[in-house]
$ cat work.cif   # mmCIF, C-alpha atoms
data_protein
#
loop_
_atom_site.group_PDB
_atom_site.id
_atom_site.type_symbol
_atom_site.label_atom_id
_atom_site.label_comp_id
_atom_site.auth_asym_id
_atom_site.auth_seq_id
_atom_site.Cartn_x
_atom_site.Cartn_y
_atom_site.Cartn_z
ATOM 1 C CA MET A 1 -9.777 18.073 21.188
ATOM 2 C CA SER A 2 -6.883 19.367 23.239
ATOM 3 C CA SER A 3 -6.672 23.036 24.139
ATOM 4 C CA LYS A 4 -4.564 25.462 22.170
ATOM 5 C CA PRO A 5 -1.247 26.731 23.569
ATOM 6 C CA GLN A 6 -2.268 29.196 26.240
ATOM 7 C CA HIS A 7 0.516 31.746 26.711
ATOM 8 C CA HIS A 8 1.425 32.704 23.147
ATOM 9 C CA THR A 9 -0.643 33.987 20.264
ATOM 10 C CA THR A 10 1.965 34.505 17.553
ATOM 11 C CA GLY A 11 4.718 32.120 18.567
ATOM 12 C CA PRO A 12 7.246 30.875 18.216
ATOM 13 C CA PHE A 13 5.855 27.570 19.451
ATOM 14 C CA ARG A 14 7.473 24.211 20.068
ATOM 15 C CA ALA A 15 6.090 20.821 19.134
ATOM 16 C CA GLU A 16 5.855 19.834 22.797
ATOM 17 C CA GLN A 17 3.267 22.590 23.343
ATOM 18 C CA LEU A 18 0.820 20.896 20.974
ATOM 19 C CA ARG A 19 -1.211 17.842 21.828
ATOM 20 C CA SER A 20 -2.834 15.131 19.766
ATOM 21 C CA GLY A 21 -6.100 16.521 18.434
ATOM 22 C CA ASP A 22 -4.967 20.149 18.250
ATOM 23 C CA PRO A 23 -5.959 21.482 14.812
ATOM 24 C CA TYR A 24 -2.464 22.707 14.011
ATOM 25 C CA GLU A 25 0.784 21.822 12.389
ATOM 26 C CA LEU A 26 3.954 23.727 13.128
ATOM 27 C CA ASP A 27 6.322 25.293 10.606
ATOM 28 C CA ASP A 28 9.512 26.807 11.998
ATOM 29 C CA GLY A 29 7.649 27.641 15.206
ATOM 30 C CA HIS A 30 4.573 29.139 13.523
ATOM 31 C CA LEU A 31 1.137 27.616 13.901
ATOM 32 C CA ILE A 32 -0.641 26.415 10.773
ATOM 33 C CA GLU A 33 -4.340 25.758 11.203
ATOM 34 C CA CYS A 34 -5.476 22.411 9.750
ATOM 35 C CA LEU A 35 -9.217 22.183 9.193
ATOM 36 C CA PRO A 36 -11.288 19.026 8.572
ATOM 37 C CA SER A 37 -11.251 17.695 5.028
ATOM 38 C CA GLY A 38 -14.226 17.447 2.688
ATOM 39 C CA GLY A 39 -15.923 14.230 1.681
ATOM 40 C CA ARG A 40 -13.985 13.683 -1.541
ATOM 41 C CA HIS A 41 -10.675 14.251 0.214
ATOM 42 C CA ALA A 42 -11.616 11.930 3.071
ATOM 43 C CA LYS A 43 -12.741 9.071 0.814
ATOM 44 C CA ALA A 44 -9.662 9.330 -1.391
ATOM 45 C CA ASN A 45 -7.455 9.344 1.695
ATOM 46 C CA LEU A 46 -9.014 6.116 2.937
ATOM 47 C CA ASN A 47 -8.631 4.401 -0.443
ATOM 48 C CA GLY A 48 -5.006 5.420 -0.774
ATOM 49 C CA GLY A 49 -4.235 4.276 2.742
ATOM 50 C CA LEU A 50 -5.702 0.851 2.011
ATOM 51 C CA ALA A 51 -3.640 0.437 -1.150
ATOM 52 C CA LEU A 52 -0.408 1.480 0.537
ATOM 53 C CA GLU A 53 -0.681 -0.065 4.018
ATOM 54 C CA THR A 54 -1.256 -3.549 2.584
ATOM 55 C CA ASP A 55 1.930 -3.532 0.478
ATOM 56 C CA PRO A 56 4.067 -6.558 1.467
ATOM 57 C CA ALA A 57 7.071 -4.373 2.298
ATOM 58 C CA VAL A 58 5.163 -1.979 4.576
ATOM 59 C CA GLU A 59 5.491 -2.609 8.294
ATOM 60 C CA SER A 60 3.741 0.533 9.501
ATOM 61 C CA ALA A 61 1.561 3.316 8.128
ATOM 62 C CA GLY A 62 -0.888 5.853 9.492
ATOM 63 C CA PHE A 63 -3.234 8.768 8.840
ATOM 64 C CA ASP A 64 -2.361 12.257 10.068
ATOM 65 C CA ALA A 65 0.554 11.065 12.193
ATOM 66 C CA GLY A 66 2.482 14.020 13.601
ATOM 67 C CA PHE A 67 6.225 14.021 12.822
ATOM 68 C CA THR A 68 8.733 16.254 14.564
ATOM 69 C CA PRO A 69 12.082 16.467 12.774
ATOM 70 C CA ASP A 70 12.983 19.125 15.370
ATOM 71 C CA GLU A 71 11.266 21.004 18.204
ATOM 72 C CA ASN A 72 10.109 23.826 15.919
ATOM 73 C CA ASN A 73 8.383 21.711 13.288
ATOM 74 C CA LEU A 74 5.409 19.388 13.434
ATOM 75 C CA ARG A 75 4.041 18.022 10.194
ATOM 76 C CA ALA A 76 1.267 15.478 9.668
ATOM 77 C CA PRO A 77 1.011 13.992 6.160
ATOM 78 C CA ASP A 78 -2.403 12.724 5.122
ATOM 79 C CA ILE A 79 -0.792 9.278 4.802
ATOM 80 C CA ALA A 80 2.586 8.309 6.239
ATOM 81 C CA VAL A 81 4.200 5.048 5.142
ATOM 82 C CA GLY A 82 6.954 3.786 7.409
ATOM 83 C CA ASN A 83 8.222 5.065 10.768
ATOM 84 C CA VAL A 84 4.785 5.031 12.410
ATOM 85 C CA PRO A 85 5.317 3.323 15.781
ATOM 86 C CA ASP A 86 2.443 1.953 17.830
ATOM 87 C CA GLU A 87 3.149 4.418 20.615
ATOM 88 C CA PRO A 88 1.605 7.675 21.872
ATOM 89 C CA GLY A 89 3.119 11.031 21.131
ATOM 90 C CA TRP A 90 4.709 12.682 18.139
ATOM 91 C CA VAL A 91 7.001 10.647 15.908
ATOM 92 C CA SER A 92 10.608 11.724 15.655
ATOM 93 C CA GLY A 93 12.006 12.274 12.190
ATOM 94 C CA ALA A 94 9.939 11.788 9.051
ATOM 95 C CA PRO A 95 8.207 9.000 7.127
ATOM 96 C CA PRO A 96 9.989 7.448 4.122
ATOM 97 C CA LEU A 97 6.859 8.032 2.006
ATOM 98 C CA ALA A 98 4.326 10.801 2.583
ATOM 99 C CA VAL A 99 1.087 11.311 0.656
ATOM 100 C CA GLU A 100 -0.834 14.581 0.554
ATOM 101 C CA TYR A 101 -4.262 15.153 -1.003
ATOM 102 C CA ALA A 102 -4.915 18.547 -2.577
ATOM 103 C CA ASP A 103 -8.530 19.529 -3.213
ATOM 104 C CA VAL A 104 -10.425 22.803 -3.551
ATOM 105 C CA GLY A 105 -9.209 25.502 -1.180
ATOM 106 C CA GLN A 106 -5.711 24.054 -0.950
ATOM 107 C CA ASP A 107 -3.190 26.435 0.633
ATOM 108 C CA GLU A 108 -0.505 25.972 -2.002
ATOM 109 C CA PRO A 109 2.336 27.916 -0.322
ATOM 110 C CA ASN A 110 1.837 25.899 2.868
ATOM 111 C CA LEU A 111 1.764 22.646 0.899
ATOM 112 C CA GLN A 112 5.027 23.455 -0.853
ATOM 113 C CA GLN A 113 6.663 24.401 2.450
ATOM 114 C CA LYS A 114 5.400 21.168 3.987
ATOM 115 C CA ILE A 115 6.952 19.213 1.133
ATOM 116 C CA ARG A 116 10.287 20.990 1.616
ATOM 117 C CA THR A 117 10.197 20.316 5.363
ATOM 118 C CA LEU A 118 9.470 16.616 4.893
ATOM 119 C CA LEU A 119 12.129 16.123 2.228
ATOM 120 C CA GLY A 120 14.634 18.033 4.318
ATOM 121 C CA ALA A 121 13.838 15.830 7.312
ATOM 122 C CA GLY A 122 14.513 12.590 5.448
ATOM 123 C CA THR A 123 11.335 11.710 3.548
ATOM 124 C CA ARG A 124 12.331 9.979 0.326
ATOM 125 C CA TYR A 125 9.093 10.438 -1.599
ATOM 126 C CA VAL A 126 6.209 12.885 -1.311
ATOM 127 C CA TRP A 127 3.212 12.121 -3.514
ATOM 128 C CA VAL A 128 0.670 14.903 -3.930
ATOM 129 C CA VAL A 129 -2.655 13.615 -5.221
ATOM 130 C CA ARG A 130 -4.464 16.383 -7.089
ATOM 131 C CA LEU A 131 -8.217 15.906 -6.825
ATOM 132 C CA THR A 132 -9.204 18.978 -8.828
ATOM 133 C CA GLY A 133 -9.124 19.009 -12.619
ATOM 134 C CA LEU A 134 -7.420 16.057 -14.266
ATOM 135 C CA ARG A 135 -6.538 13.553 -11.561
ATOM 136 C CA ARG A 136 -2.809 13.225 -11.236
ATOM 137 C CA VAL A 137 -0.036 12.613 -8.728
ATOM 138 C CA GLU A 138 2.944 14.918 -8.380
ATOM 139 C CA ILE A 139 6.114 13.126 -7.313
ATOM 140 C CA TYR A 140 8.651 14.977 -5.185
ATOM 141 C CA GLU A 141 12.060 13.555 -4.300
ATOM 142 C CA PRO A 142 15.196 15.197 -2.893
ATOM 143 C CA HIS A 143 17.407 16.639 -5.641
ATOM 144 C CA VAL A 144 15.161 15.226 -8.387
ATOM 145 C CA PRO A 145 13.030 17.346 -10.737
ATOM 146 C CA LEU A 146 9.298 17.249 -10.128
ATOM 147 C CA SER A 147 7.462 14.633 -12.193
ATOM 148 C CA THR A 148 3.776 13.864 -12.629
ATOM 149 C CA ALA A 149 1.935 10.554 -13.073
ATOM 150 C CA TYR A 150 -1.531 10.291 -14.593
ATOM 151 C CA PRO A 151 -4.319 7.683 -14.570
ATOM 152 C CA GLY A 152 -3.132 4.558 -16.354
ATOM 153 C CA GLN A 153 0.399 4.996 -15.017
ATOM 154 C CA GLN A 154 2.002 3.503 -11.923
ATOM 155 C CA LEU A 155 3.956 4.929 -9.035
ATOM 156 C CA GLU A 156 7.027 3.323 -7.542
ATOM 157 C CA ALA A 157 8.840 3.893 -4.258
ATOM 158 C CA PRO A 158 11.911 1.625 -4.258
ATOM 159 C CA GLY A 159 13.055 0.747 -0.784
ATOM 160 C CA VAL A 160 9.649 1.597 0.682
ATOM 161 C CA LEU A 161 7.073 -0.329 -1.363
ATOM 162 C CA ALA A 162 7.443 -3.762 -2.903
ATOM 163 C CA ASN A 163 4.843 -3.198 -5.614
ATOM 164 C CA PRO A 164 4.046 -0.412 -8.056
ATOM 165 C CA VAL A 165 0.865 1.512 -7.236
ATOM 166 C CA PRO A 166 -1.634 2.470 -9.947
ATOM 167 C CA VAL A 167 -2.358 6.180 -9.803
ATOM 168 C CA GLU A 168 -6.075 5.414 -9.541
ATOM 169 C CA ALA A 169 -5.525 3.300 -6.409
ATOM 170 C CA LEU A 170 -4.814 6.485 -4.451
ATOM 171 C CA TYR A 171 -8.382 7.735 -4.875
ATOM 172 C CA ASP A 172 -10.633 5.221 -6.661
ATOM 173 C CA PRO A 173 -12.172 2.512 -4.435
ATOM 174 C CA ASP A 174 -12.233 -0.220 -7.096
ATOM 175 C CA ALA A 175 -8.566 0.299 -7.974
ATOM 176 C CA ALA A 176 -7.644 0.504 -4.289
ATOM 177 C CA HIS A 177 -9.459 -2.744 -3.510
ATOM 178 C CA GLU A 178 -7.797 -4.538 -6.414
ATOM 179 C CA THR A 179 -4.377 -3.307 -5.346
ATOM 180 C CA ALA A 180 -4.998 -4.267 -1.727
ATOM 181 C CA LEU A 181 -6.156 -7.747 -2.750
ATOM 182 C CA ARG A 182 -2.952 -8.298 -4.713
ATOM 183 C CA ASN A 183 -0.898 -7.068 -1.781
ATOM 184 C CA LEU A 184 -2.688 -9.216 0.785
ATOM 185 C CA LEU A 185 -2.361 -12.323 -1.382
ATOM 186 C CA GLN A 186 1.364 -11.697 -1.691
ATOM 187 C CA ARG A 187 1.598 -11.382 2.080
ATOM 188 C CA ARG A 188 0.186 -14.928 2.195
ATOM 189 C CA GLY A 189 2.653 -16.239 -0.368
ATOM 190 C CA TYR A 190 0.523 -16.017 -3.523
ATOM 191 C CA ALA A 191 1.671 -14.074 -6.561
ATOM 192 C CA ASP A 192 -1.868 -13.056 -7.471
ATOM 193 C CA LEU A 193 -5.472 -14.238 -7.558
ATOM 194 C CA ASP A 194 -4.710 -16.648 -10.410
ATOM 195 C CA ALA A 195 -2.240 -18.424 -8.127
ATOM 196 C CA VAL A 196 -5.010 -18.936 -5.561
ATOM 197 C CA ARG A 197 -7.288 -20.341 -8.251
ATOM 198 C CA GLU A 198 -4.552 -22.709 -9.421
ATOM 199 C CA GLU A 199 -3.972 -23.969 -5.879
ATOM 200 C CA GLY A 200 -7.690 -24.654 -5.539
ATOM 201 C CA LYS A 201 -7.703 -26.435 -8.886
ATOM 202 C CA LEU A 202 -4.713 -28.549 -7.836
ATOM 203 C CA ALA A 203 -6.429 -29.563 -4.598
ATOM 204 C CA LEU A 204 -9.557 -30.566 -6.516
ATOM 205 C CA VAL A 205 -7.594 -32.670 -9.024
ATOM 206 C CA LEU A 206 -5.731 -34.441 -6.219
ATOM 207 C CA ARG A 207 -9.003 -35.313 -4.474
ATOM 208 C CA GLN A 208 -10.472 -36.653 -7.717
ATOM 209 C CA LEU A 209 -7.370 -38.732 -8.339
ATOM 210 C CA GLN A 210 -7.525 -40.264 -4.873
ATOM 211 C CA ARG A 211 -11.099 -41.314 -5.506
ATOM 212 C CA ALA A 212 -10.145 -42.754 -8.897
ATOM 213 C CA VAL A 213 -6.908 -44.603 -8.092
ATOM 214 C CA GLY A 214 -6.421 -44.454 -4.313
ATOM 215 C CA GLN A 215 -3.230 -43.317 -2.624
ATOM 216 C CA ILE A 216 -1.016 -41.360 -5.022
ATOM 217 C CA PRO A 217 2.713 -42.283 -5.049
ATOM 218 C CA GLU A 218 4.936 -39.479 -3.795
ATOM 219 C CA ASP A 219 6.888 -39.233 -7.062
ATOM 220 C CA ASP A 220 3.643 -38.824 -8.987
ATOM 221 C CA SER A 221 2.387 -36.270 -6.481
ATOM 222 C CA GLN A 222 5.510 -34.161 -7.036
ATOM 223 C CA ARG A 223 5.110 -34.375 -10.811
ATOM 224 C CA ILE A 224 1.487 -33.258 -10.511
ATOM 225 C CA ARG A 225 2.479 -30.210 -8.459
ATOM 226 C CA ARG A 226 4.891 -29.185 -11.205
ATOM 227 C CA LEU A 227 2.174 -29.142 -13.855
ATOM 228 C CA ASP A 228 1.214 -25.788 -15.299
ATOM 229 C CA ARG A 229 -2.362 -24.631 -15.804
ATOM 230 C CA ASP A 230 -2.791 -26.479 -19.100
ATOM 231 C CA GLY A 231 -1.276 -29.607 -17.606
ATOM 232 C CA LEU A 232 -3.722 -29.619 -14.695
ATOM 233 C CA THR A 233 -6.612 -29.161 -17.109
ATOM 234 C CA ALA A 234 -5.401 -32.082 -19.222
ATOM 235 C CA LEU A 235 -4.982 -34.273 -16.134
ATOM 236 C CA ALA A 236 -8.471 -33.373 -14.888
ATOM 237 C CA GLU A 237 -9.868 -34.690 -18.164
ATOM 238 C CA ALA A 238 -7.601 -37.759 -18.400
ATOM 239 C CA LEU A 239 -8.211 -39.012 -14.842
ATOM 240 C CA LEU A 240 -11.774 -39.974 -15.793
ATOM 241 C CA ASP A 241 -10.241 -42.975 -17.572
ATOM 242 C CA PHE A 242 -7.847 -43.983 -14.788
ATOM 243 C CA GLY A 243 -8.472 -47.183 -12.870
ATOM 244 C CA ALA A 244 -5.151 -47.657 -11.073
ATOM 245 C CA THR A 245 -2.089 -45.718 -10.029
ATOM 246 C CA SER A 246 -0.229 -47.257 -12.977
ATOM 247 C CA ASP A 247 -2.533 -45.338 -15.319
ATOM 248 C CA LEU A 248 -1.636 -42.084 -13.568
ATOM 249 C CA THR A 249 2.093 -42.870 -13.611
ATOM 250 C CA ALA A 250 2.023 -43.730 -17.309
ATOM 251 C CA TRP A 251 0.135 -40.531 -18.155
ATOM 252 C CA LEU A 252 2.532 -38.365 -16.174
ATOM 253 C CA LYS A 253 5.578 -39.950 -17.831
ATOM 254 C CA ARG A 254 4.120 -39.100 -21.217
ATOM 255 C CA TYR A 255 3.084 -35.569 -20.270
ATOM 256 C CA VAL A 256 5.861 -34.333 -17.965
#
$ encode --input "work.cif" --output "C-alpha cells"
Amino acid sequence: MSSKPQHHTTGPFRAEQLRSGDPYELDDGHLIECLPSGGRHAKANLNGGLALETDPAVESAGFDAGFTPDENNLRAPDIAVGNVPDEPGWVSGAPPLAVEYADVGQDEPNLQQKIRTLLGAGTRYVWVVRLTGLRRVEIYEPHVPLSTAYPGQQLEAPGVLANPVPVEALYDPDAAHETALRNLLQRRGYADLDAVREEGKLALVLRQLQRAVGQIPEDDSQRIRRLDRDGLTALAEALLDFGATSDLTAWLKRYV
C-alpha cells in the first residue's frame, strides 16, 4: 500500500497526493478513510460485477476505480460501469453507472455525500445495494426522486446497459450467473440459451438428413432453417421415412 500524504494531517488534500492503494477517498479536499469490506459485502460485490460487466452494451467496468471529477475529489464506487480505461492513474470524470454496497457499519452521511458528488460529476445512475434487513436497491438519478427496487423486480439503466438486471443478480451468485450467461450468449449473437439449443438441434437434423437423403438442395436448406421449434421436431420425426431428396422437398412444401 502506498504511503499516506506526508505534510498535511487535516487537509485540504488534492487527488494527486493520493496513490493507488491508499485507503482513502477524497471529499472536497478532506480525507475519508475506506476500510476493507466484510465477507458478505465482498461476495455480493463480485456477483454484481459479473452481472454488469458482461452486459452486451458494456465496454468497460471495474472495482474500486478512483474517479476525480476535480482535483479536490476522489471517489471510488464499489462497481463502476463505463469510463474505466485500461490505463494507470485516476480516471477523470465519473462513471455512467455506479454501484455501492451498504452493509453493517455503513457511514450513511458519507454515502449520501458520495452519491451527490457522483451525480454532480456526471454519473447517470447510482444503485445502492442494501445488504442489511430486506434486500433492496435504492436508485438515485439526477433530478429524479429516489426509488427502490426489491427482489423479484428488475433494474434498468438506459444508455448504459442493454438488458434489465434482476435485483438479486447484484448479490446472489445463482442470479448473477444466470444473468451473465444470458449476457455472454447475446454477445455471441444468441438471444438466450434456448437459441443455442435450437441451433444444436438444427445441426443434428441437418446431419441426419444428409445421411438419409444425401446432399440437401439449397432451397430446401433455407426452408429448414426457417422452421420453428415445432417444425424442427416434426422434421426430425418425418425424416426417418425419407429415402430421397424428393421426399424432403415434398414434406417441406406441405409444412412450410
$ resolve_selection --input "work.cif" --expression "the PyMOL selection byres ((chain A and resi 98-101) around 8)" --output "VMD selection string"
chain A and resid 41 44 to 45 77 to 81 95 to 97 102 to 103 123 125 to 131
$ closest_residue --input "work.cif" --among "A:Asp64, A:Asp27, A:Asp192, A:Glu71" --to "Ala15 in chain A" --atoms "only C-alpha atoms"
A:Glu71
$ resolve_selection --input "work.cif" --expression "the PyMOL selection byres ((chain A and resi 251) around 12)" --output "VMD selection string"
chain A and resid 220 223 to 224 231 234 to 239 241 to 242 244 to 250 252 to 256
$ residues_around --input "work.cif" --residues "Leu240 in chain A" --least-positions-apart "5" --cutoff "9 Å" --atoms "all atoms listed in the file" --output "PyMOL selection string"
chain A and resi 208-209+212+235
$ residues_around --input "work.cif" --residues "Glu16 in chain A" --least-positions-apart "5" --cutoff "12 Å" --atoms "all atoms listed in the file" --output "number ranges by chain"
A: 4-5, 22, 25-26, 29, 66-68, 70-74, 89-92
$ write_last_selection --input "work.cif" --atoms "C-alpha atoms" --output "PDB file, keeping the file's coordinate frame"
ATOM      1  CA  LYS A   4      -4.564  25.462  22.170  1.00  0.00           C
ATOM      2  CA  PRO A   5      -1.247  26.731  23.569  1.00  0.00           C
ATOM      3  CA  ASP A  22      -4.967  20.149  18.250  1.00  0.00           C
ATOM      4  CA  GLU A  25       0.784  21.822  12.389  1.00  0.00           C
ATOM      5  CA  LEU A  26       3.954  23.727  13.128  1.00  0.00           C
ATOM      6  CA  GLY A  29       7.649  27.641  15.206  1.00  0.00           C
ATOM      7  CA  GLY A  66       2.482  14.020  13.601  1.00  0.00           C
ATOM      8  CA  PHE A  67       6.225  14.021  12.822  1.00  0.00           C
ATOM      9  CA  THR A  68       8.733  16.254  14.564  1.00  0.00           C
ATOM     10  CA  ASP A  70      12.983  19.125  15.370  1.00  0.00           C
ATOM     11  CA  GLU A  71      11.266  21.004  18.204  1.00  0.00           C
ATOM     12  CA  ASN A  72      10.109  23.826  15.919  1.00  0.00           C
ATOM     13  CA  ASN A  73       8.383  21.711  13.288  1.00  0.00           C
ATOM     14  CA  LEU A  74       5.409  19.388  13.434  1.00  0.00           C
ATOM     15  CA  GLY A  89       3.119  11.031  21.131  1.00  0.00           C
ATOM     16  CA  TRP A  90       4.709  12.682  18.139  1.00  0.00           C
ATOM     17  CA  VAL A  91       7.001  10.647  15.908  1.00  0.00           C
ATOM     18  CA  SER A  92      10.608  11.724  15.655  1.00  0.00           C
TER      19      SER A  92
END
$ build_atoms --input "work.cif" --residues "range 160-191 of chain A" --atoms "N, CA and C atoms" --output "mmCIF file, in the frame of the given file"
data_model
loop_
_atom_site.group_PDB
_atom_site.id
_atom_site.type_symbol
_atom_site.label_atom_id
_atom_site.label_comp_id
_atom_site.auth_asym_id
_atom_site.auth_seq_id
_atom_site.Cartn_x
_atom_site.Cartn_y
_atom_site.Cartn_z
ATOM 1 N N VAL A 160 10.775 1.370 -0.227
ATOM 2 C CA VAL A 160 9.649 1.597 0.682
ATOM 3 C C VAL A 160 8.506 0.646 0.358
ATOM 4 N N LEU A 161 8.154 0.546 -0.914
ATOM 5 C CA LEU A 161 7.073 -0.329 -1.363
ATOM 6 C C LEU A 161 7.632 -1.460 -2.210
ATOM 7 N N ALA A 162 7.033 -2.630 -2.081
ATOM 8 C CA ALA A 162 7.443 -3.762 -2.903
ATOM 9 C C ALA A 162 6.816 -3.707 -4.286
ATOM 10 N N ASN A 163 5.608 -3.174 -4.375
ATOM 11 C CA ASN A 163 4.843 -3.198 -5.614
ATOM 12 C C ASN A 163 4.596 -1.801 -6.163
ATOM 13 N N PRO A 164 4.486 -1.686 -7.484
ATOM 14 C CA PRO A 164 4.046 -0.412 -8.056
ATOM 15 C C PRO A 164 2.591 -0.152 -7.682
ATOM 16 N N VAL A 165 2.212 1.110 -7.639
ATOM 17 C CA VAL A 165 0.865 1.512 -7.236
ATOM 18 C C VAL A 165 0.191 2.234 -8.404
ATOM 19 N N PRO A 166 -0.918 1.721 -8.915
ATOM 20 C CA PRO A 166 -1.634 2.470 -9.947
ATOM 21 C C PRO A 166 -2.074 3.824 -9.405
ATOM 22 N N VAL A 167 -1.947 4.847 -10.229
ATOM 23 C CA VAL A 167 -2.358 6.180 -9.803
ATOM 24 C C VAL A 167 -3.780 6.165 -9.260
ATOM 25 N N GLU A 168 -4.671 5.436 -9.939
ATOM 26 C CA GLU A 168 -6.075 5.414 -9.541
ATOM 27 C C GLU A 168 -6.285 4.817 -8.158
ATOM 28 N N ALA A 169 -5.361 3.946 -7.708
ATOM 29 C CA ALA A 169 -5.525 3.300 -6.409
ATOM 30 C C ALA A 169 -5.427 4.284 -5.259
ATOM 31 N N LEU A 170 -4.928 5.489 -5.511
ATOM 32 C CA LEU A 170 -4.814 6.485 -4.451
ATOM 33 C C LEU A 170 -6.097 7.278 -4.243
ATOM 34 N N TYR A 171 -7.116 7.019 -5.086
ATOM 35 C CA TYR A 171 -8.382 7.735 -4.875
ATOM 36 C C TYR A 171 -9.622 6.947 -5.280
ATOM 37 N N ASP A 172 -9.480 5.970 -6.171
ATOM 38 C CA ASP A 172 -10.633 5.221 -6.661
ATOM 39 C C ASP A 172 -10.819 3.936 -5.854
ATOM 40 N N PRO A 173 -12.001 3.684 -5.300
ATOM 41 C CA PRO A 173 -12.172 2.512 -4.435
ATOM 42 C C PRO A 173 -11.954 1.190 -5.152
ATOM 43 N N ASP A 174 -12.417 1.043 -6.387
ATOM 44 C CA ASP A 174 -12.233 -0.220 -7.096
ATOM 45 C C ASP A 174 -10.752 -0.515 -7.318
ATOM 46 N N ALA A 175 -9.998 0.489 -7.756
ATOM 47 C CA ALA A 175 -8.566 0.299 -7.974
ATOM 48 C C ALA A 175 -7.838 0.038 -6.662
ATOM 49 N N ALA A 176 -8.263 0.717 -5.597
ATOM 50 C CA ALA A 176 -7.644 0.504 -4.289
ATOM 51 C C ALA A 176 -7.896 -0.907 -3.778
ATOM 52 N N HIS A 177 -9.132 -1.396 -3.966
ATOM 53 C CA HIS A 177 -9.459 -2.744 -3.510
ATOM 54 C C HIS A 177 -8.672 -3.793 -4.295
ATOM 55 N N GLU A 178 -8.547 -3.586 -5.598
ATOM 56 C CA GLU A 178 -7.797 -4.538 -6.414
ATOM 57 C C GLU A 178 -6.327 -4.557 -6.021
ATOM 58 N N THR A 179 -5.774 -3.391 -5.771
ATOM 59 C CA THR A 179 -4.377 -3.307 -5.346
ATOM 60 C C THR A 179 -4.185 -3.954 -3.980
ATOM 61 N N ALA A 180 -5.096 -3.686 -3.066
ATOM 62 C CA ALA A 180 -4.998 -4.267 -1.727
ATOM 63 C C ALA A 180 -5.125 -5.790 -1.775
ATOM 64 N N LEU A 181 -6.006 -6.299 -2.636
ATOM 65 C CA LEU A 181 -6.156 -7.747 -2.750
ATOM 66 C C LEU A 181 -4.861 -8.382 -3.224
ATOM 67 N N ARG A 182 -4.249 -7.794 -4.251
ATOM 68 C CA ARG A 182 -2.952 -8.298 -4.713
ATOM 69 C C ARG A 182 -1.929 -8.285 -3.590
ATOM 70 N N ASN A 183 -1.880 -7.184 -2.859
ATOM 71 C CA ASN A 183 -0.898 -7.068 -1.781
ATOM 72 C C ASN A 183 -1.130 -8.101 -0.686
ATOM 73 N N LEU A 184 -2.377 -8.273 -0.292
ATOM 74 C CA LEU A 184 -2.688 -9.216 0.785
ATOM 75 C C LEU A 184 -2.405 -10.652 0.366
ATOM 76 N N LEU A 185 -2.683 -10.978 -0.890
ATOM 77 C CA LEU A 185 -2.361 -12.323 -1.382
ATOM 78 C C LEU A 185 -0.855 -12.559 -1.335
ATOM 79 N N GLN A 186 -0.086 -11.544 -1.733
ATOM 80 C CA GLN A 186 1.364 -11.697 -1.691
ATOM 81 C C GLN A 186 1.863 -11.854 -0.263
ATOM 82 N N ARG A 187 1.216 -11.204 0.676
ATOM 83 C CA ARG A 187 1.598 -11.382 2.080
ATOM 84 C C ARG A 187 1.373 -12.822 2.543
ATOM 85 N N ARG A 188 0.471 -13.532 1.863
ATOM 86 C CA ARG A 188 0.186 -14.928 2.195
ATOM 87 C C ARG A 188 0.934 -15.905 1.291
ATOM 88 N N GLY A 189 1.821 -15.365 0.452
ATOM 89 C CA GLY A 189 2.653 -16.239 -0.368
ATOM 90 C C GLY A 189 2.142 -16.506 -1.764
ATOM 91 N N TYR A 190 1.064 -15.834 -2.178
ATOM 92 C CA TYR A 190 0.523 -16.017 -3.523
ATOM 93 C C TYR A 190 0.941 -14.849 -4.402
ATOM 94 N N ALA A 191 1.278 -15.139 -5.645
ATOM 95 C CA ALA A 191 1.671 -14.074 -6.561
ATOM 96 C C ALA A 191 0.487 -13.184 -6.900
#
